[in-house]
Amino acid sequence: MISPLVDRILSRDPDRLAVVDDHDHCTYGELADRARRAAGAIAGDGGSLGGLRVLLLVTPGVAWVEAFLGVVLAGGVAVPLTPLYPAPELAALAEDADASLAIVSDDLADKASAFGPRVRVVRAQDLGAGPPAALAPPGPTDVAILLYTSGTTGKPKGAMLTHANLAHQAALIGAAWGIGPHDTLLHALPMHHMHGIAIALLPALAAGAKTRMLPRFDALRVGRGLADATVWMAVPTMIQRLLEAHAAADDRTRAAIADGARALRLATSGSAALPVGLAARFADLAGAIPLERFGMTEVGVAMSNPLDPTARRPGSVGPVLPSFESRLVDDAGRDVSTGPGELLLRGPSVFSGYFRRPEATAAAFVEGGPAGGWFRTGDLADRAPDGFLRMLGRTSVDILKSGGEKVSALEVEEALRDHEAIAEVAVVGVPDATWGDRVVAVVVAARGREAACATDAIRAWAKGRLAAYKVPREVVVVDALPRNAMGKVVKPEIVRDLARKAAGPG
Ligand code: MLC
Ligand code: AMP
């Protein structure tokens, strides 16, 4: 059976516009043709990649979509990367994914040397040069994409999502949010995550909508672009940035942003908690609070507030979507009907495991594995009598969300331990109005090396090793880290101290 995802996207009305970027555009008919040519260029006519991992380092736009569809049509597994990763991270991901091929756009070509000699680099610009391929189509259970996500175990893991997972998620979102050919999605999300790819782009393509893609988030460009859009999907930090840009703009631009925001059919918020005050300020501009929904790399969107703005509930992520089953369990794994408890999920959108990490996969589920077991989200929630869920935080202090980006405190600590002036380090998330969690490193300096641990110095050093969003925004030097009787660092105490200091005396 052919992949329901590819089948759906490639059979949309060929004359309608599918994707538009700053320099290029294509209809669904042209997209299908370009995807088949790309597949041919990657796999060769009649061949198949047979599950080979292909790195994608392509600026968001038509070329990204063409490359992604080409890879999956050729039976490959797309591994989307971001230029925000410095060379050591790109190299580590290429190695973990065991990739031998990369598609790279010319503007990012200087980054490709990080992949090393084992990886053959194909220019994204060359994908359309050959004839369209006649390939054996991928099937629903084939893995389509590896999405790298940080966890509690140091290094990021590749979450495997199948064609069926992605097709199901696209149909679910399309139905819940009423996405159709009448829509224009304004897309300014990064393309190495579930949100930008499988929550925003693919549901729009599967529904025959038009997607206007920006190369990167720019609050003013988003504000101006709202006028031509019906749907905008964002993380809370982007909503905050949009409101700041609106407040700072000249009168004409302010009016244009406000008109565009009010005319939107739908603005969604996800990837991190949407503060109630921010939702209300957005409503002042746009006339309705954003539709807040809960999602995760491993499961896609699982809960959503209603499409009807008057039925949305601030501070809640809504009930579970059709096809998802949910449970809340206490520390001992016993069901607690209304919670609070850890959220477990089951359903056809749930991923098929972490790439080459059977132990991590087994640990992520209870009562079975990816087929039939319950996925442990690591999120705490409670449930109102009418089924609306509220997210209450993470079960682990070591998983942070900064600007919608997941950050593993342990991964950042591991990198900082390599700094010769740092003797001990604990990385924590401090509540912050812009970032959600502000990543802060609390360090004990090596003897006499306090000055080398200043925020600017450590940030500059760490940027060569970690993606910019993982780099601590602040470094605080202390004499000693608080530890319990077992010698374990007590992170909640550190967070309380930092929050108290930030609040000032009294
Ligand atoms: C950028 N910076 C960050 C940061 N993003 N610091 C901490 N956390 C982040 N998330 C740094 C930059 O490196 C820079 O540092 C400084 O902050 C200012 O940068 P900026 O240019 O103003 O920020 P910008 O590039 O505009 O990025 C902000 C952002 C971005 C919100 C647009 O973080 C973003 O795209 N977030 C979305 C992430 C996302 O899509 N998550 C979905 C995960 S999937 P300096 O030192 O240079 O000043 C998922 C499932 C689901 O969660 O439910 O959706
Ligand atoms: P990621 O692994 O990057 O996909 O991030 C998934 C995590 O983001 C979830 O496990 C939650 O902790 C968080 N998240 C996503 N949406 C929301 C939301 N609406 N409210 C609170 N947390 C959210």
# chains A, B, ... in the order shown; residues from 1 in each chain; ligands from 1
>>> closest_atom_pairs(of="region 244-271 of chain A", to="region 420-438 of chain A", cutoff="12 Å", atoms="only C-alpha atoms", output="JSON lines")
{"residue": "A:Glu244", "atom": "CA", "partner": "A:Thr434", "partner_atom": "CA", "distance": 10.8}
{"residue": "A:Gly270", "atom": "CA", "partner": "A:Gly436", "partner_atom": "CA", "distance": 12.0}
{"residue": "A:Ser271", "atom": "CA", "partner": "A:Gly436", "partner_atom": "CA", "distance": 10.5}
>>> write_last_selection(atoms="C-alpha atoms", output="mmCIF file, in the first residue's frame")
data_model
loop_
_atom_site.group_PDB
_atom_site.id
_atom_site.type_symbol
_atom_site.label_atom_id
_atom_site.label_comp_id
_atom_site.auth_asym_id
_atom_site.auth_seq_id
_atom_site.Cartn_x
_atom_site.Cartn_y
_atom_site.Cartn_z
ATOM 1 C CA GLU A 244 6.450 43.854 21.006
ATOM 2 C CA GLY A 270 1.980 25.434 21.308
ATOM 3 C CA SER A 271 5.345 23.825 22.106
#
>>> residues_around(residues="Val350 (chain A)", least_positions_apart="3", cutoff="10 Å", atoms="only C-alpha atoms", output="list of chain:residue names")
A:Met160, A:Leu161, A:Thr162, A:Ala164, A:Asn165, A:Leu166, A:His168, A:Gln169, A:Met296, A:Thr297, A:Glu298, A:Val299, A:Gly300, A:Val301, A:Ala302, A:Phe324, A:Leu345, A:Arg346, A:Gly347, A:Gly353, A:Pro370, A:Ala371, A:Gly372, A:Gly373, A:Trp374, A:Phe375
>>> residues_near_ligand(ligand="ligand 2", cutoff="9 Å", atoms="only C-alpha atoms and all ligand atoms", output="number ranges by chain")
A: 148-151, 193-195, 235-236, 269-274, 292-301, 303-304, 315-317, 377-380, 390-394, 399-401, 404-407
>>> atom_distance(atom1="CA of Pro190 (chain A)", atom2="CA of Phe355 (chain A)")
21.9 Å
>>> atom_distance(atom1="CA of Thr395 (chain A)", atom2="CA of Glu367 (chain A)")
19.2 Å
>>> atom_distance(atom1="atom 52 (O, counted along the ligand's line) of ligand 1", atom2="CA of Ser326 (chain A)")
18.7 Å
>>> closest_residue(among="A:Arg34, A:Arg241, A:Lys210, A:His246", to="ligand 1", atoms="only C-alpha atoms and all ligand atoms")
A:Arg241
>>> residues_around(residues="Arg224 (chain A)", least_positions_apart="3", cutoff="12 Å", atoms="only C-alpha atoms", output="list of chain:residue names")
A:Leu186, A:Leu214, A:Asp218, A:Ala219, A:Leu220, A:Arg221, A:Ala227, A:Asp228, A:Ala229, A:Leu242, A:Ala245, A:His246, A:Ala249, A:Arg252, A:Thr253, A:Arg254, A:Ala255, A:Ala256, A:Ile257, A:Ala258, A:Asp259, A:Gly260, A:Ala261
>>> write_last_selection(atoms="C-alpha atoms", output="PDB file, in the first residue's frame")
ATOM      1  CA  LEU A 186       1.843  31.904   7.364  1.00  0.00           C
ATOM      2  CA  LEU A 214       9.482  32.799   5.621  1.00  0.00           C
ATOM      3  CA  ASP A 218      11.044  37.908  12.022  1.00  0.00           C
ATOM      4  CA  ALA A 219       8.325  39.527  14.130  1.00  0.00           C
ATOM      5  CA  LEU A 220       7.805  42.497  11.826  1.00  0.00           C
ATOM      6  CA  ARG A 221       7.630  40.346   8.702  1.00  0.00           C
ATOM      7  CA  ALA A 227      -2.855  40.371   6.162  1.00  0.00           C
ATOM      8  CA  ASP A 228      -2.449  37.717   3.445  1.00  0.00           C
ATOM      9  CA  ALA A 229      -2.889  34.734   5.774  1.00  0.00           C
ATOM     10  CA  LEU A 242       4.786  39.986  17.599  1.00  0.00           C
ATOM     11  CA  ALA A 245       6.926  44.569  17.294  1.00  0.00           C
ATOM     12  CA  HIS A 246       3.376  45.912  17.088  1.00  0.00           C
ATOM     13  CA  ALA A 249       5.993  50.053  15.053  1.00  0.00           C
ATOM     14  CA  ARG A 252       0.774  52.653   9.636  1.00  0.00           C
ATOM     15  CA  THR A 253       2.519  49.388  10.437  1.00  0.00           C
ATOM     16  CA  ARG A 254       0.656  49.118  13.741  1.00  0.00           C
ATOM     17  CA  ALA A 255      -2.637  49.434  11.891  1.00  0.00           C
ATOM     18  CA  ALA A 256      -1.572  46.873   9.278  1.00  0.00           C
ATOM     19  CA  ILE A 257      -0.543  44.353  11.953  1.00  0.00           C
ATOM     20  CA  ALA A 258      -3.781  44.871  13.883  1.00  0.00           C
ATOM     21  CA  ASP A 259      -5.931  44.509  10.732  1.00  0.00           C
ATOM     22  CA  GLY A 260      -4.050  41.344   9.749  1.00  0.00           C
ATOM     23  CA  ALA A 261      -4.340  39.835  13.222  1.00  0.00           C
TER      24      ALA A 261
END
>>> residues_around(residues="region 63-75 of chain A", least_positions_apart="5", cutoff="7 Å", atoms="only C-alpha atoms", output="JSON, numbers by chain")
{"A": [31, 34, 35, 36, 38, 39, 43, 48, 49, 50, 51, 58, 124, 135, 137, 138, 144]}
>>> write_last_selection(atoms="C-alpha atoms", output="JSON list (two decimals), in the first residue's frame")
[["chain", "number", "residue", "atom", "x", "y", "z"],
["A", 31, "LEU", "CA", 5.38, 20.36, -6.47],
["A", 34, "ARG", "CA", 9.62, 18.62, -8.58],
["A", 35, "ALA", "CA", 9.32, 15.98, -5.84],
["A", 36, "ARG", "CA", 9.51, 13.16, -8.43],
["A", 38, "ALA", "CA", 14.17, 15.19, -6.68],
["A", 39, "ALA", "CA", 13.48, 11.54, -5.85],
["A", 43, "ALA", "CA", 17.80, 7.49, -5.68],
["A", 48, "SER", "CA", 14.93, 3.13, -3.74],
["A", 49, "LEU", "CA", 16.81, 4.46, -0.78],
["A", 50, "GLY", "CA", 15.40, 1.60, 1.32],
["A", 51, "GLY", "CA", 15.28, 3.58, 4.56],
["A", 58, "VAL", "CA", 17.96, 23.58, 3.52],
["A", 124, "ALA", "CA", 19.29, 21.39, -3.20],
["A", 135, "LEU", "CA", 9.86, 4.67, -8.10],
["A", 137, "PRO", "CA", 6.31, 4.20, -3.52],
["A", 138, "PRO", "CA", 7.02, 4.03, 0.22],
["A", 144, "ALA", "CA", 9.57, 8.97, 6.90]]
>>> residues_around(residues="Ala18 (chain A)", least_positions_apart="6", cutoff="9 Å", atoms="only C-alpha atoms", output="list of chain:residue names")
A:His25, A:Cys26, A:Thr27, A:Tyr28, A:Gly29, A:Glu30, A:Leu31, A:Val62, A:Ala204, A:Leu205, A:Gly208, A:Ala209, A:Lys210, A:Thr211, A:Arg212
>>> select_by_dssp(residues="region 268-308 of chain A", states="alpha helix (DSSP H)", output="PyMOL selection string")
chain A and resi 276-286
>>> write_last_selection(atoms="N, CA, C and O atoms", output="mmCIF file, in the first residue's frame")
data_model
loop_
_atom_site.group_PDB
_atom_site.id
_atom_site.type_symbol
_atom_site.label_atom_id
_atom_site.label_comp_id
_atom_site.auth_asym_id
_atom_site.auth_seq_id
_atom_site.Cartn_x
_atom_site.Cartn_y
_atom_site.Cartn_z
ATOM 1 N N VAL A 276 -1.423 33.034 30.563
ATOM 2 C CA VAL A 276 -2.777 33.560 30.413
ATOM 3 C C VAL A 276 -2.754 35.055 30.059
ATOM 4 O O VAL A 276 -3.536 35.527 29.223
ATOM 5 N N GLY A 277 -1.817 35.799 30.670
ATOM 6 C CA GLY A 277 -1.721 37.236 30.396
ATOM 7 C C GLY A 277 -1.335 37.508 28.943
ATOM 8 O O GLY A 277 -1.842 38.445 28.316
ATOM 9 N N LEU A 278 -0.441 36.681 28.407
ATOM 10 C CA LEU A 278 -0.022 36.853 27.010
ATOM 11 C C LEU A 278 -1.190 36.549 26.068
ATOM 12 O O LEU A 278 -1.412 37.265 25.077
ATOM 13 N N ALA A 279 -1.944 35.504 26.397
ATOM 14 C CA ALA A 279 -3.129 35.166 25.587
ATOM 15 C C ALA A 279 -4.100 36.343 25.565
ATOM 16 O O ALA A 279 -4.642 36.708 24.512
ATOM 17 N N ALA A 280 -4.275 36.972 26.722
ATOM 18 C CA ALA A 280 -5.226 38.089 26.815
ATOM 19 C C ALA A 280 -4.720 39.284 26.007
ATOM 20 O O ALA A 280 -5.501 39.963 25.323
ATOM 21 N N ARG A 281 -3.407 39.526 26.041
ATOM 22 C CA ARG A 281 -2.863 40.663 25.284
ATOM 23 C C ARG A 281 -2.988 40.404 23.781
ATOM 24 O O ARG A 281 -3.238 41.318 22.999
ATOM 25 N N PHE A 282 -2.838 39.124 23.382
ATOM 26 C CA PHE A 282 -3.039 38.804 21.963
ATOM 27 C C PHE A 282 -4.499 39.036 21.576
ATOM 28 O O PHE A 282 -4.799 39.552 20.490
ATOM 29 N N ALA A 283 -5.404 38.678 22.500
ATOM 30 C CA ALA A 283 -6.834 38.880 22.220
ATOM 31 C C ALA A 283 -7.161 40.366 22.049
ATOM 32 O O ALA A 283 -8.020 40.732 21.233
ATOM 33 N N ASP A 284 -6.465 41.226 22.799
ATOM 34 C CA ASP A 284 -6.683 42.675 22.631
ATOM 35 C C ASP A 284 -6.351 43.113 21.199
ATOM 36 O O ASP A 284 -6.983 44.004 20.650
ATOM 37 N N LEU A 285 -5.349 42.462 20.631
ATOM 38 C CA LEU A 285 -4.940 42.818 19.264
ATOM 39 C C LEU A 285 -5.821 42.130 18.221
ATOM 40 O O LEU A 285 -6.274 42.755 17.262
ATOM 41 N N ALA A 286 -6.047 40.815 18.426
ATOM 42 C CA ALA A 286 -6.629 39.997 17.358
ATOM 43 C C ALA A 286 -8.121 39.709 17.541
ATOM 44 O O ALA A 286 -8.757 39.183 16.631
#
>>> closest_residue(among="A:Pro181, A:Gly339, A:Pro482, A:Pro83", to="ligand 1", atoms="only C-alpha atoms and all ligand atoms")
A:Pro83
>>> closest_residue(among="A:Pro319, A:Pro314, A:Gly76, A:Pro156", to="Leu410 (chain A)", atoms="only C-alpha atoms")
A:Pro156
>>> closest_residue(among="A:Asp107, A:Ser113, A:Pro306, A:Pro492", to="Ser396 (chain A)", atoms="only C-alpha atoms")
A:Pro492
>>> closest_residue(among="A:Ile42, A:Ala167, A:Leu498, A:Ala381", to="Leu5 (chain A)", atoms="only C-alpha atoms")
A:Ala167
>>> select_by_dssp(residues="region 317-361 of chain A", states="strand (DSSP E or B)", output="number ranges by chain")
A: 318, 320, 325-329, 335, 341-346, 354
>>> closest_residue(among="A:Val442, A:Leu266, A:Leu189, A:Ala363", to="ligand 1", atoms="only C-alpha atoms and all ligand atoms")
A:Leu189
>>> decode(residues="region 69-83 of chain A", atoms="N, CA, C and O atoms", output="PDB file, in the first residue's frame")
ATOM      1  N   LEU A  69      10.020  16.018   0.230  1.00  0.00           N
ATOM      2  CA  LEU A  69       9.143  15.087  -0.487  1.00  0.00           C
ATOM      3  C   LEU A  69       9.967  14.159  -1.380  1.00  0.00           C
ATOM      4  O   LEU A  69       9.646  12.975  -1.524  1.00  0.00           O
ATOM      5  N   GLY A  70      11.035  14.699  -1.967  1.00  0.00           N
ATOM      6  CA  GLY A  70      11.903  13.871  -2.803  1.00  0.00           C
ATOM      7  C   GLY A  70      12.509  12.721  -2.002  1.00  0.00           C
ATOM      8  O   GLY A  70      12.505  11.573  -2.436  1.00  0.00           O
ATOM      9  N   VAL A  71      12.982  13.031  -0.801  1.00  0.00           N
ATOM     10  CA  VAL A  71      13.606  11.994   0.042  1.00  0.00           C
ATOM     11  C   VAL A  71      12.592  10.914   0.401  1.00  0.00           C
ATOM     12  O   VAL A  71      12.850   9.708   0.236  1.00  0.00           O
ATOM     13  N   VAL A  72      11.426  11.322   0.878  1.00  0.00           N
ATOM     14  CA  VAL A  72      10.475  10.294   1.347  1.00  0.00           C
ATOM     15  C   VAL A  72       9.869   9.522   0.178  1.00  0.00           C
ATOM     16  O   VAL A  72       9.596   8.331   0.287  1.00  0.00           O
ATOM     17  N   LEU A  73       9.710  10.198  -0.972  1.00  0.00           N
ATOM     18  CA  LEU A  73       9.204   9.516  -2.167  1.00  0.00           C
ATOM     19  C   LEU A  73      10.201   8.466  -2.645  1.00  0.00           C
ATOM     20  O   LEU A  73       9.834   7.427  -3.185  1.00  0.00           O
ATOM     21  N   ALA A  74      11.477   8.736  -2.426  1.00  0.00           N
ATOM     22  CA  ALA A  74      12.530   7.802  -2.838  1.00  0.00           C
ATOM     23  C   ALA A  74      12.762   6.708  -1.785  1.00  0.00           C
ATOM     24  O   ALA A  74      13.702   5.939  -1.886  1.00  0.00           O
ATOM     25  N   GLY A  75      11.894   6.651  -0.767  1.00  0.00           N
ATOM     26  CA  GLY A  75      12.043   5.612   0.257  1.00  0.00           C
ATOM     27  C   GLY A  75      13.101   5.942   1.288  1.00  0.00           C
ATOM     28  O   GLY A  75      13.556   5.059   2.024  1.00  0.00           O
ATOM     29  N   GLY A  76      13.507   7.197   1.365  1.00  0.00           N
ATOM     30  CA  GLY A  76      14.500   7.598   2.354  1.00  0.00           C
ATOM     31  C   GLY A  76      13.859   8.107   3.628  1.00  0.00           C
ATOM     32  O   GLY A  76      12.640   8.282   3.710  1.00  0.00           O
ATOM     33  N   VAL A  77      14.685   8.317   4.637  1.00  0.00           N
ATOM     34  CA  VAL A  77      14.239   8.882   5.912  1.00  0.00           C
ATOM     35  C   VAL A  77      14.855  10.275   6.023  1.00  0.00           C
ATOM     36  O   VAL A  77      16.082  10.412   6.039  1.00  0.00           O
ATOM     37  N   ALA A  78      14.017  11.302   6.070  1.00  0.00           N
ATOM     38  CA  ALA A  78      14.530  12.666   6.140  1.00  0.00           C
ATOM     39  C   ALA A  78      14.991  12.974   7.556  1.00  0.00           C
ATOM     40  O   ALA A  78      14.305  12.646   8.527  1.00  0.00           O
ATOM     41  N   VAL A  79      16.171  13.597   7.662  1.00  0.00           N
ATOM     42  CA  VAL A  79      16.699  14.015   8.970  1.00  0.00           C
ATOM     43  C   VAL A  79      16.897  15.525   8.906  1.00  0.00           C
ATOM     44  O   VAL A  79      17.954  16.007   8.493  1.00  0.00           O
ATOM     45  N   PRO A  80      15.860  16.297   9.283  1.00  0.00           N
ATOM     46  CA  PRO A  80      15.972  17.744   9.140  1.00  0.00           C
ATOM     47  C   PRO A  80      16.876  18.353  10.201  1.00  0.00           C
ATOM     48  O   PRO A  80      16.777  18.015  11.375  1.00  0.00           O
ATOM     49  N   LEU A  81      17.772  19.221   9.754  1.00  0.00           N
ATOM     50  CA  LEU A  81      18.733  19.862  10.657  1.00  0.00           C
ATOM     51  C   LEU A  81      18.547  21.365  10.578  1.00  0.00           C
ATOM     52  O   LEU A  81      17.848  21.873   9.711  1.00  0.00           O
ATOM     53  N   THR A  82      19.206  22.082  11.473  1.00  0.00           N
ATOM     54  CA  THR A  82      19.118  23.541  11.460  1.00  0.00           C
ATOM     55  C   THR A  82      20.517  24.143  11.432  1.00  0.00           C
ATOM     56  O   THR A  82      21.441  23.619  12.083  1.00  0.00           O
ATOM     57  N   PRO A  83      20.679  25.256  10.713  1.00  0.00           N
ATOM     58  CA  PRO A  83      21.982  25.922  10.720  1.00  0.00           C
ATOM     59  C   PRO A  83      22.309  26.522  12.083  1.00  0.00           C
ATOM     60  O   PRO A  83      23.426  26.983  12.301  1.00  0.00           O
TER      61      PRO A  83
END
